[in-house]
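This is final.cif (mmCIF, N, CA, C and O atoms).
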```cif
data_query
loop_
_atom_site.label_atom_id
_atom_site.label_comp_id
_atom_site.auth_asym_id
_atom_site.auth_seq_id
_atom_site.Cartn_x
_atom_site.Cartn_y
_atom_site.Cartn_z
N MET A 1 157.02 98.81 136.79
CA MET A 1 156.09 99.22 137.81
C MET A 1 155.72 100.68 137.57
O MET A 1 156.56 101.50 137.24
N LYS A 2 154.46 101.00 137.78
CA LYS A 2 153.99 102.36 137.57
C LYS A 2 154.40 103.27 138.72
O LYS A 2 154.55 102.83 139.85
N THR A 3 154.55 104.55 138.41
CA THR A 3 154.98 105.50 139.44
C THR A 3 153.91 105.72 140.50
O THR A 3 154.22 106.14 141.61
N ASP A 4 152.63 105.42 140.20
CA ASP A 4 151.60 105.59 141.22
C ASP A 4 151.67 104.48 142.27
O ASP A 4 151.05 104.57 143.32
N GLU A 5 152.44 103.44 141.99
CA GLU A 5 152.66 102.36 142.95
C GLU A 5 153.99 102.55 143.69
O GLU A 5 154.44 101.66 144.39
N MET A 6 154.57 103.72 143.52
CA MET A 6 155.88 103.98 144.10
C MET A 6 155.89 105.35 144.79
O MET A 6 155.12 106.22 144.46
N VAL A 7 156.81 105.47 145.73
CA VAL A 7 157.00 106.72 146.46
C VAL A 7 158.39 107.22 146.13
O VAL A 7 159.36 106.45 146.16
N LYS A 8 158.50 108.48 145.85
CA LYS A 8 159.80 109.07 145.57
C LYS A 8 160.63 109.01 146.86
O LYS A 8 160.19 109.44 147.93
N ALA A 9 161.83 108.46 146.77
CA ALA A 9 162.67 108.26 147.95
C ALA A 9 162.99 109.57 148.65
O ALA A 9 163.01 109.64 149.88
N GLU A 10 163.22 110.62 147.88
CA GLU A 10 163.53 111.93 148.47
C GLU A 10 162.36 112.44 149.31
O GLU A 10 162.56 112.97 150.40
N GLU A 11 161.15 112.28 148.80
CA GLU A 11 159.96 112.73 149.54
C GLU A 11 159.77 111.90 150.81
O GLU A 11 159.41 112.44 151.86
N PHE A 12 160.00 110.60 150.70
CA PHE A 12 159.89 109.73 151.87
C PHE A 12 160.88 110.17 152.95
O PHE A 12 160.52 110.27 154.12
N CYS A 13 162.10 110.44 152.54
CA CYS A 13 163.14 110.85 153.48
C CYS A 13 162.83 112.20 154.11
O CYS A 13 163.05 112.39 155.31
N LEU A 14 162.32 113.12 153.32
CA LEU A 14 161.93 114.43 153.86
C LEU A 14 160.81 114.29 154.89
O LEU A 14 160.86 114.88 155.97
N CYS A 15 159.82 113.49 154.55
CA CYS A 15 158.68 113.30 155.43
C CYS A 15 159.08 112.64 156.75
O CYS A 15 158.58 112.99 157.81
N HIS A 16 160.01 111.70 156.68
CA HIS A 16 160.43 110.95 157.87
C HIS A 16 161.70 111.52 158.51
O HIS A 16 162.21 110.95 159.47
N GLN A 17 162.22 112.59 157.95
CA GLN A 17 163.42 113.25 158.45
C GLN A 17 164.59 112.27 158.61
O GLN A 17 165.21 112.15 159.66
N VAL A 18 164.85 111.56 157.53
CA VAL A 18 165.95 110.60 157.49
C VAL A 18 166.78 110.88 156.25
O VAL A 18 166.25 111.34 155.23
N ASP A 19 168.06 110.62 156.34
CA ASP A 19 168.95 110.86 155.21
C ASP A 19 168.77 109.77 154.15
O ASP A 19 168.53 108.61 154.48
N ILE A 20 168.89 110.14 152.90
CA ILE A 20 168.74 109.21 151.78
C ILE A 20 169.76 108.08 151.84
O ILE A 20 169.51 106.99 151.34
N THR A 21 170.89 108.30 152.50
CA THR A 21 171.91 107.25 152.59
C THR A 21 171.39 106.05 153.38
O THR A 21 171.81 104.92 153.12
N PHE A 22 170.48 106.28 154.31
CA PHE A 22 169.89 105.16 155.04
C PHE A 22 169.11 104.25 154.10
O PHE A 22 169.25 103.03 154.14
N ILE A 23 168.30 104.84 153.23
CA ILE A 23 167.52 104.06 152.27
C ILE A 23 168.45 103.34 151.30
O ILE A 23 168.24 102.17 150.98
N ARG A 24 169.50 104.01 150.87
CA ARG A 24 170.47 103.37 149.97
C ARG A 24 171.17 102.20 150.68
O ARG A 24 171.45 101.17 150.06
N SER A 25 171.47 102.37 151.96
CA SER A 25 172.11 101.29 152.72
C SER A 25 171.18 100.09 152.83
O SER A 25 171.62 98.94 152.71
N LEU A 26 169.89 100.34 153.06
CA LEU A 26 168.93 99.24 153.10
C LEU A 26 168.89 98.50 151.77
O LEU A 26 168.80 97.27 151.73
N ASN A 27 169.01 99.26 150.69
CA ASN A 27 169.05 98.66 149.36
C ASN A 27 170.30 97.81 149.19
O ASN A 27 170.25 96.70 148.65
N GLU A 28 171.45 98.30 149.66
CA GLU A 28 172.70 97.55 149.55
C GLU A 28 172.65 96.24 150.34
O GLU A 28 173.23 95.25 149.94
N PHE A 29 171.96 96.26 151.48
CA PHE A 29 171.81 95.06 152.29
C PHE A 29 170.76 94.11 151.72
O PHE A 29 170.55 93.02 152.24
N GLY A 30 170.07 94.53 150.67
CA GLY A 30 169.05 93.70 150.05
C GLY A 30 167.73 93.70 150.79
O GLY A 30 166.91 92.81 150.60
N LEU A 31 167.52 94.68 151.65
CA LEU A 31 166.30 94.73 152.45
C LEU A 31 165.16 95.47 151.76
O LEU A 31 164.00 95.28 152.11
N VAL A 32 165.49 96.32 150.81
CA VAL A 32 164.47 97.02 150.03
C VAL A 32 164.90 97.01 148.56
O VAL A 32 166.07 96.82 148.24
N THR A 33 163.93 97.24 147.72
CA THR A 33 164.19 97.32 146.29
C THR A 33 163.92 98.75 145.83
O THR A 33 162.80 99.23 145.97
N LEU A 34 164.94 99.39 145.36
CA LEU A 34 164.78 100.75 144.84
C LEU A 34 164.76 100.70 143.32
O LEU A 34 165.45 99.89 142.71
N THR A 35 163.98 101.59 142.74
CA THR A 35 163.90 101.70 141.29
C THR A 35 164.32 103.10 140.90
O THR A 35 163.93 104.07 141.54
N THR A 36 165.13 103.19 139.86
CA THR A 36 165.56 104.50 139.35
C THR A 36 164.82 104.79 138.06
O THR A 36 164.85 103.99 137.13
N MET A 37 164.14 105.94 138.07
CA MET A 37 163.46 106.40 136.86
C MET A 37 163.74 107.89 136.72
O MET A 37 163.56 108.65 137.68
N GLU A 38 164.20 108.27 135.56
CA GLU A 38 164.49 109.67 135.27
C GLU A 38 165.37 110.29 136.36
O GLU A 38 165.10 111.37 136.88
N GLU A 39 166.41 109.56 136.74
CA GLU A 39 167.41 110.00 137.72
C GLU A 39 166.84 110.20 139.13
O GLU A 39 167.45 110.86 139.96
N ASN A 40 165.68 109.65 139.41
CA ASN A 40 165.08 109.71 140.74
C ASN A 40 164.94 108.30 141.30
O ASN A 40 164.63 107.37 140.55
N LEU A 41 165.15 108.15 142.61
CA LEU A 41 164.97 106.87 143.27
C LEU A 41 163.53 106.75 143.76
O LEU A 41 162.98 107.69 144.31
N TYR A 42 162.95 105.57 143.57
CA TYR A 42 161.59 105.31 144.01
C TYR A 42 161.55 104.06 144.88
O TYR A 42 162.29 103.10 144.66
N ILE A 43 160.65 104.09 145.86
CA ILE A 43 160.41 102.96 146.75
C ILE A 43 159.02 102.41 146.44
O ILE A 43 158.06 103.18 146.40
N PRO A 44 158.89 101.11 146.25
CA PRO A 44 157.53 100.55 146.06
C PRO A 44 156.68 100.80 147.31
O PRO A 44 157.16 100.63 148.43
N THR A 45 155.44 101.20 147.12
CA THR A 45 154.58 101.51 148.26
C THR A 45 154.38 100.29 149.16
O THR A 45 154.17 100.45 150.36
N ALA A 46 154.49 99.10 148.61
CA ALA A 46 154.34 97.89 149.41
C ALA A 46 155.46 97.75 150.45
O ALA A 46 155.30 97.03 151.43
N GLN A 47 156.57 98.43 150.26
CA GLN A 47 157.71 98.31 151.17
C GLN A 47 157.79 99.46 152.18
O GLN A 47 158.63 99.42 153.08
N VAL A 48 156.91 100.42 152.09
CA VAL A 48 156.99 101.59 152.96
C VAL A 48 156.84 101.20 154.43
O VAL A 48 157.62 101.64 155.28
N VAL A 49 155.87 100.38 154.75
CA VAL A 49 155.65 99.97 156.15
C VAL A 49 156.87 99.22 156.68
O VAL A 49 157.29 99.44 157.83
N GLU A 50 157.44 98.36 155.86
CA GLU A 50 158.62 97.61 156.28
C GLU A 50 159.81 98.54 156.51
O GLU A 50 160.57 98.37 157.47
N ILE A 51 159.98 99.53 155.67
CA ILE A 51 161.07 100.50 155.85
C ILE A 51 160.86 101.28 157.14
O ILE A 51 161.82 101.51 157.89
N GLU A 52 159.63 101.65 157.42
CA GLU A 52 159.35 102.36 158.66
C GLU A 52 159.69 101.49 159.88
O GLU A 52 160.22 101.99 160.87
N ARG A 53 159.42 100.20 159.80
CA ARG A 53 159.78 99.29 160.88
C ARG A 53 161.29 99.23 161.04
O ARG A 53 161.82 99.30 162.16
N MET A 54 162.01 99.13 159.93
CA MET A 54 163.48 99.09 159.99
C MET A 54 164.05 100.40 160.54
O MET A 54 165.05 100.39 161.26
N MET A 55 163.39 101.50 160.23
CA MET A 55 163.83 102.79 160.78
C MET A 55 163.69 102.80 162.30
O MET A 55 164.57 103.30 163.00
N ARG A 56 162.59 102.25 162.80
CA ARG A 56 162.41 102.19 164.26
C ARG A 56 163.49 101.32 164.90
O ARG A 56 164.03 101.67 165.96
N PHE A 57 163.80 100.18 164.29
CA PHE A 57 164.88 99.33 164.82
C PHE A 57 166.19 100.11 164.88
O PHE A 57 166.89 100.09 165.88
N HIS A 58 166.49 100.79 163.78
CA HIS A 58 167.79 101.44 163.66
C HIS A 58 167.89 102.71 164.51
O HIS A 58 168.84 102.88 165.28
N PHE A 59 166.93 103.59 164.39
CA PHE A 59 167.03 104.89 165.05
C PHE A 59 166.50 104.88 166.49
O PHE A 59 167.11 105.47 167.37
N ASP A 60 165.39 104.22 166.73
CA ASP A 60 164.82 104.23 168.08
C ASP A 60 165.50 103.23 169.01
O ASP A 60 165.64 103.50 170.21
N MET A 61 165.91 102.09 168.46
CA MET A 61 166.49 101.05 169.30
C MET A 61 168.01 100.95 169.15
O MET A 61 168.63 100.08 169.75
N ASN A 62 168.58 101.81 168.31
CA ASN A 62 170.04 101.86 168.08
C ASN A 62 170.62 100.52 167.63
O ASN A 62 171.69 100.11 168.07
N ILE A 63 169.93 99.85 166.74
CA ILE A 63 170.41 98.58 166.18
C ILE A 63 171.10 98.89 164.86
O ILE A 63 170.54 99.58 164.01
N ASN A 64 172.32 98.37 164.70
CA ASN A 64 173.05 98.64 163.47
C ASN A 64 172.38 97.93 162.29
O ASN A 64 171.51 97.08 162.46
N LEU A 65 172.80 98.29 161.09
CA LEU A 65 172.14 97.75 159.89
C LEU A 65 172.29 96.24 159.76
O LEU A 65 171.39 95.57 159.26
N GLU A 66 173.41 95.71 160.24
CA GLU A 66 173.58 94.26 160.20
C GLU A 66 172.54 93.59 161.10
O GLU A 66 171.94 92.58 160.74
N GLY A 67 172.30 94.19 162.27
CA GLY A 67 171.28 93.67 163.17
C GLY A 67 169.88 93.82 162.60
O GLY A 67 169.04 92.93 162.74
N VAL A 68 169.63 94.94 161.95
CA VAL A 68 168.33 95.16 161.31
C VAL A 68 168.10 94.10 160.24
O VAL A 68 167.00 93.55 160.12
N GLU A 69 169.15 93.77 159.50
CA GLU A 69 169.04 92.74 158.47
C GLU A 69 168.68 91.40 159.08
O GLU A 69 167.77 90.70 158.61
N VAL A 70 169.35 91.02 160.16
CA VAL A 70 169.09 89.74 160.81
C VAL A 70 167.66 89.70 161.35
O VAL A 70 166.92 88.73 161.14
N ILE A 71 167.26 90.76 162.04
CA ILE A 71 165.91 90.82 162.61
C ILE A 71 164.85 90.73 161.52
O ILE A 71 163.87 89.97 161.64
N THR A 72 165.06 91.46 160.44
CA THR A 72 164.09 91.46 159.34
C THR A 72 163.97 90.09 158.72
O THR A 72 162.86 89.60 158.45
N ARG A 73 165.09 89.44 158.50
CA ARG A 73 165.05 88.10 157.89
C ARG A 73 164.40 87.08 158.84
O ARG A 73 163.64 86.21 158.40
N LEU A 74 164.69 87.18 160.13
CA LEU A 74 164.07 86.27 161.10
C LEU A 74 162.56 86.49 161.18
O LEU A 74 161.78 85.53 161.26
N LEU A 75 162.13 87.74 161.16
CA LEU A 75 160.70 88.02 161.18
C LEU A 75 160.01 87.48 159.93
O LEU A 75 158.89 86.97 160.00
N LYS A 76 160.69 87.58 158.80
CA LYS A 76 160.14 87.02 157.55
C LYS A 76 160.01 85.51 157.65
O LYS A 76 158.99 84.93 157.27
N GLN A 77 161.03 84.86 158.21
CA GLN A 77 160.97 83.40 158.39
C GLN A 77 159.83 83.02 159.32
O GLN A 77 159.12 82.03 159.09
N MET A 78 159.64 83.78 160.39
CA MET A 78 158.54 83.50 161.32
C MET A 78 157.19 83.64 160.62
O MET A 78 156.29 82.81 160.82
N ASP A 79 157.03 84.68 159.81
CA ASP A 79 155.78 84.85 159.08
C ASP A 79 155.54 83.69 158.12
O ASP A 79 154.41 83.19 158.02
N ASP A 80 156.60 83.26 157.43
CA ASP A 80 156.47 82.13 156.51
C ASP A 80 156.08 80.86 157.25
O ASP A 80 155.22 80.10 156.80
N MET A 81 156.71 80.63 158.41
CA MET A 81 156.39 79.43 159.19
C MET A 81 154.96 79.50 159.74
O MET A 81 154.25 78.50 159.77
N ARG A 82 154.52 80.69 160.14
CA ARG A 82 153.14 80.86 160.63
C ARG A 82 152.15 80.56 159.51
O ARG A 82 151.14 79.88 159.72
N ASP A 83 152.45 81.04 158.30
CA ASP A 83 151.57 80.77 157.15
C ASP A 83 151.54 79.28 156.84
O ASP A 83 150.46 78.73 156.56
N GLU A 84 152.70 78.63 156.89
CA GLU A 84 152.76 77.20 156.62
C GLU A 84 151.99 76.41 157.68
O GLU A 84 151.26 75.47 157.37
N ALA A 85 152.12 76.79 158.95
CA ALA A 85 151.40 76.11 160.03
C ALA A 85 149.90 76.26 159.84
O ALA A 85 149.13 75.32 160.05
N ARG A 86 149.46 77.46 159.44
CA ARG A 86 148.04 77.70 159.19
C ARG A 86 147.54 76.81 158.05
O ARG A 86 146.47 76.20 158.15
N LEU A 87 148.33 76.72 156.99
CA LEU A 87 147.96 75.88 155.85
C LEU A 87 147.86 74.41 156.27
O LEU A 87 146.90 73.72 155.93
N LEU A 88 148.85 73.95 157.03
CA LEU A 88 148.84 72.55 157.47
C LEU A 88 147.69 72.27 158.42
O LEU A 88 147.07 71.20 158.37
N ARG A 89 147.37 73.24 159.29
CA ARG A 89 146.24 73.09 160.21
C ARG A 89 144.93 72.98 159.42
O ARG A 89 144.06 72.14 159.73
N ASN A 90 144.80 73.80 158.39
CA ASN A 90 143.60 73.74 157.56
C ASN A 90 143.48 72.41 156.84
O ASN A 90 142.39 71.84 156.74
N ARG A 91 144.59 71.88 156.34
CA ARG A 91 144.57 70.58 155.68
C ARG A 91 144.19 69.48 156.66
O ARG A 91 143.40 68.59 156.35
N LEU A 92 144.76 69.55 157.84
CA LEU A 92 144.48 68.55 158.87
C LEU A 92 143.00 68.60 159.26
O LEU A 92 142.35 67.56 159.40
N ASN A 93 142.46 69.80 159.42
CA ASN A 93 141.05 69.93 159.76
C ASN A 93 140.15 69.36 158.66
O ASN A 93 139.11 68.78 158.96
N LEU A 94 140.58 69.50 157.43
CA LEU A 94 139.82 68.95 156.31
C LEU A 94 139.75 67.43 156.41
O LEU A 94 138.69 66.82 156.25
N TYR A 95 140.89 66.78 156.72
CA TYR A 95 140.91 65.32 156.83
C TYR A 95 140.23 64.83 158.09
O TYR A 95 139.58 63.79 158.10
N GLU A 96 140.34 65.57 159.18
CA GLU A 96 139.71 65.15 160.43
C GLU A 96 138.19 65.27 160.37
O GLU A 96 137.49 64.50 161.00
N SER A 97 137.70 66.21 159.59
CA SER A 97 136.24 66.38 159.50
C SER A 97 135.59 65.25 158.71
O SER A 97 134.40 65.05 158.78
N ASP A 98 136.38 64.49 157.92
CA ASP A 98 135.85 63.38 157.14
C ASP A 98 135.52 62.17 158.02
O ASP A 98 134.74 61.32 157.63
N PHE A 99 136.12 62.07 159.19
CA PHE A 99 135.92 60.90 160.04
C PHE A 99 134.73 61.05 160.87
O PHE A 99 134.09 61.52 161.45
#
```

Rewrite the structure from the file as structure tokens, please.
Amino acid sequence: MKTDEMVKAEEFCLCHQVDITFIRSLNEFGLVTLTTMEENLYIPTAQVVEIERMMRFHFDMNINLEGVEVITRLLKQMDDMRDEARLLRNRLNLYESDF
């Protein structure tokens, strides 16, 4: 992955006033993917919004990392089910319009 598609973890933490250990903990829980290049940690830009959401759960709502993991996985499952329902609805509409 190119560095222009990534954010330096240190800069992200400085900007959001959060310790780097939080980002590393999210990585250990499998919630984010960190990349190391030239001894620096990078976060894919596609994951920045999700990390910010997890930060709100953890810091604003005082939810521990185990809880953040559960909430994140459940939200992902809900999104997947919503996408599947939309796909099935579209297929059904296709067959119903033939009659």

With 5 Å of padding per side, what axis-aligned box (centre and edge lengths, Å, one decimal) covers all the listed atoms of stretch 7-26 of chain A? Give it as lines of an AutoDock Vina configuration file.
```
center_x = 164.5
center_y = 106.1
center_z = 152.6
size_x = 25.3
size_y = 27.6
size_z = 24.1
```

One decimal, in Å: what's the spacing between atom C of A:Asp83 and atom CA of A:Leu34?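 According to the coordinates, atom C of A:Asp83 and atom CA of A:Leu34 are separated by 27.9 Å.
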
Here's the selection I'm unsure about, the PyMOL selection byres ((chain A and resi 9-17) around 8); applied to the file above, which residues does it give, as a PyMOL selection string? chain A and resi 6-8+18-20+23+35+40-44

Kindly save the residues from that selection, with N, CA, C and O atoms included, as a PDB file, in the frame of the given file.
```pdb
ATOM      1  N   MET A   6     154.570 103.720 143.520  1.00  0.00           N
ATOM      2  CA  MET A   6     155.880 103.980 144.100  1.00  0.00           C
ATOM      3  C   MET A   6     155.890 105.350 144.790  1.00  0.00           C
ATOM      4  O   MET A   6     155.120 106.220 144.460  1.00  0.00           O
ATOM      5  N   VAL A   7     156.810 105.470 145.730  1.00  0.00           N
ATOM      6  CA  VAL A   7     157.000 106.720 146.460  1.00  0.00           C
ATOM      7  C   VAL A   7     158.390 107.220 146.130  1.00  0.00           C
ATOM      8  O   VAL A   7     159.360 106.450 146.160  1.00  0.00           O
ATOM      9  N   LYS A   8     158.500 108.480 145.850  1.00  0.00           N
ATOM     10  CA  LYS A   8     159.800 109.070 145.570  1.00  0.00           C
ATOM     11  C   LYS A   8     160.630 109.010 146.860  1.00  0.00           C
ATOM     12  O   LYS A   8     160.190 109.440 147.930  1.00  0.00           O
ATOM     13  N   VAL A  18     164.850 111.560 157.530  1.00  0.00           N
ATOM     14  CA  VAL A  18     165.950 110.600 157.490  1.00  0.00           C
ATOM     15  C   VAL A  18     166.780 110.880 156.250  1.00  0.00           C
ATOM     16  O   VAL A  18     166.250 111.340 155.230  1.00  0.00           O
ATOM     17  N   ASP A  19     168.060 110.620 156.340  1.00  0.00           N
ATOM     18  CA  ASP A  19     168.950 110.860 155.210  1.00  0.00           C
ATOM     19  C   ASP A  19     168.770 109.770 154.150  1.00  0.00           C
ATOM     20  O   ASP A  19     168.530 108.610 154.480  1.00  0.00           O
ATOM     21  N   ILE A  20     168.890 110.140 152.900  1.00  0.00           N
ATOM     22  CA  ILE A  20     168.740 109.210 151.780  1.00  0.00           C
ATOM     23  C   ILE A  20     169.760 108.080 151.840  1.00  0.00           C
ATOM     24  O   ILE A  20     169.510 106.990 151.340  1.00  0.00           O
ATOM     25  N   ILE A  23     168.300 104.840 153.230  1.00  0.00           N
ATOM     26  CA  ILE A  23     167.520 104.060 152.270  1.00  0.00           C
ATOM     27  C   ILE A  23     168.450 103.340 151.300  1.00  0.00           C
ATOM     28  O   ILE A  23     168.240 102.170 150.980  1.00  0.00           O
ATOM     29  N   THR A  35     163.980 101.590 142.740  1.00  0.00           N
ATOM     30  CA  THR A  35     163.900 101.700 141.290  1.00  0.00           C
ATOM     31  C   THR A  35     164.320 103.100 140.900  1.00  0.00           C
ATOM     32  O   THR A  35     163.930 104.070 141.540  1.00  0.00           O
ATOM     33  N   ASN A  40     165.680 109.650 139.410  1.00  0.00           N
ATOM     34  CA  ASN A  40     165.080 109.710 140.740  1.00  0.00           C
ATOM     35  C   ASN A  40     164.940 108.300 141.300  1.00  0.00           C
ATOM     36  O   ASN A  40     164.630 107.370 140.550  1.00  0.00           O
ATOM     37  N   LEU A  41     165.150 108.150 142.610  1.00  0.00           N
ATOM     38  CA  LEU A  41     164.970 106.870 143.270  1.00  0.00           C
ATOM     39  C   LEU A  41     163.530 106.750 143.760  1.00  0.00           C
ATOM     40  O   LEU A  41     162.980 107.690 144.310  1.00  0.00           O
ATOM     41  N   TYR A  42     162.950 105.570 143.570  1.00  0.00           N
ATOM     42  CA  TYR A  42     161.590 105.310 144.010  1.00  0.00           C
ATOM     43  C   TYR A  42     161.550 104.060 144.880  1.00  0.00           C
ATOM     44  O   TYR A  42     162.290 103.100 144.660  1.00  0.00           O
ATOM     45  N   ILE A  43     160.650 104.090 145.860  1.00  0.00           N
ATOM     46  CA  ILE A  43     160.410 102.960 146.750  1.00  0.00           C
ATOM     47  C   ILE A  43     159.020 102.410 146.440  1.00  0.00           C
ATOM     48  O   ILE A  43     158.060 103.180 146.400  1.00  0.00           O
ATOM     49  N   PRO A  44     158.890 101.110 146.250  1.00  0.00           N
ATOM     50  CA  PRO A  44     157.530 100.550 146.060  1.00  0.00           C
ATOM     51  C   PRO A  44     156.680 100.800 147.310  1.00  0.00           C
ATOM     52  O   PRO A  44     157.160 100.630 148.430  1.00  0.00           O
TER      53      PRO A  44
END
```

Measuring between only N, CA, C and O atoms, which one of A:Ala85, A:Glu5, A:Glu39, A:Val68 shows the shortest distance to A:Arg53? A:Val68

So what do you get for atom C of A:Asp80 versus atom N of A:Asn93, distance-wise?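 Separation between atom C of A:Asp80 and atom N of A:Asn93: 17.7 Å.
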
Taking the file as shown, what set of residues would the PyMOL selection byres (((chain A and resi 66 and name CA) around 12) and name CA) give back, as a list in words?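 Taken over the shown coordinates, the PyMOL selection byres (((chain A and resi 66 and name CA) around 12) and name CA) returns Ser25, Leu26, Glu28, Phe29, Gly30, Leu31, Met54, Phe57, His58, Asn62, Ile63, Asn64, Leu65, Gly67, Val68, Glu69, Val70, Ile71, Thr72 and Arg73 of chain A.
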
Would you mind writing down, as a list in words, each residue of stretch 15-87 of chain A that DSSP on the backbone assigns to strand (DSSP E or B)?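 The strand (DSSP E or B) residues within stretch 15-87 of chain A come out as Thr35, Thr36, Met37, Asn40, Leu41, Tyr42, Ile43 and Pro44 of chain A.
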
Quick check, in Å to one decimal: how far apart do atom CA of A:Glu52 and atom CA of A:Leu87 lie?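 Spanning atom CA of A:Glu52 to atom CA of A:Leu87 is a straight-line distance of 29.0 Å.
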
Using only C-alpha atoms, pick whichever of A:Glu96, A:Asp60, A:Asp79, A:Glu50 has the shortest atom-to-atom distance to A:Val32.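 For A:Val32, the nearest of the given residues is A:Glu50.
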
Every residue of stretch 9-99 of chain A that DSSP places in helix (DSSP H, G or I), as number ranges by chain: A: 9-16, 20-28, 45-60, 65-96
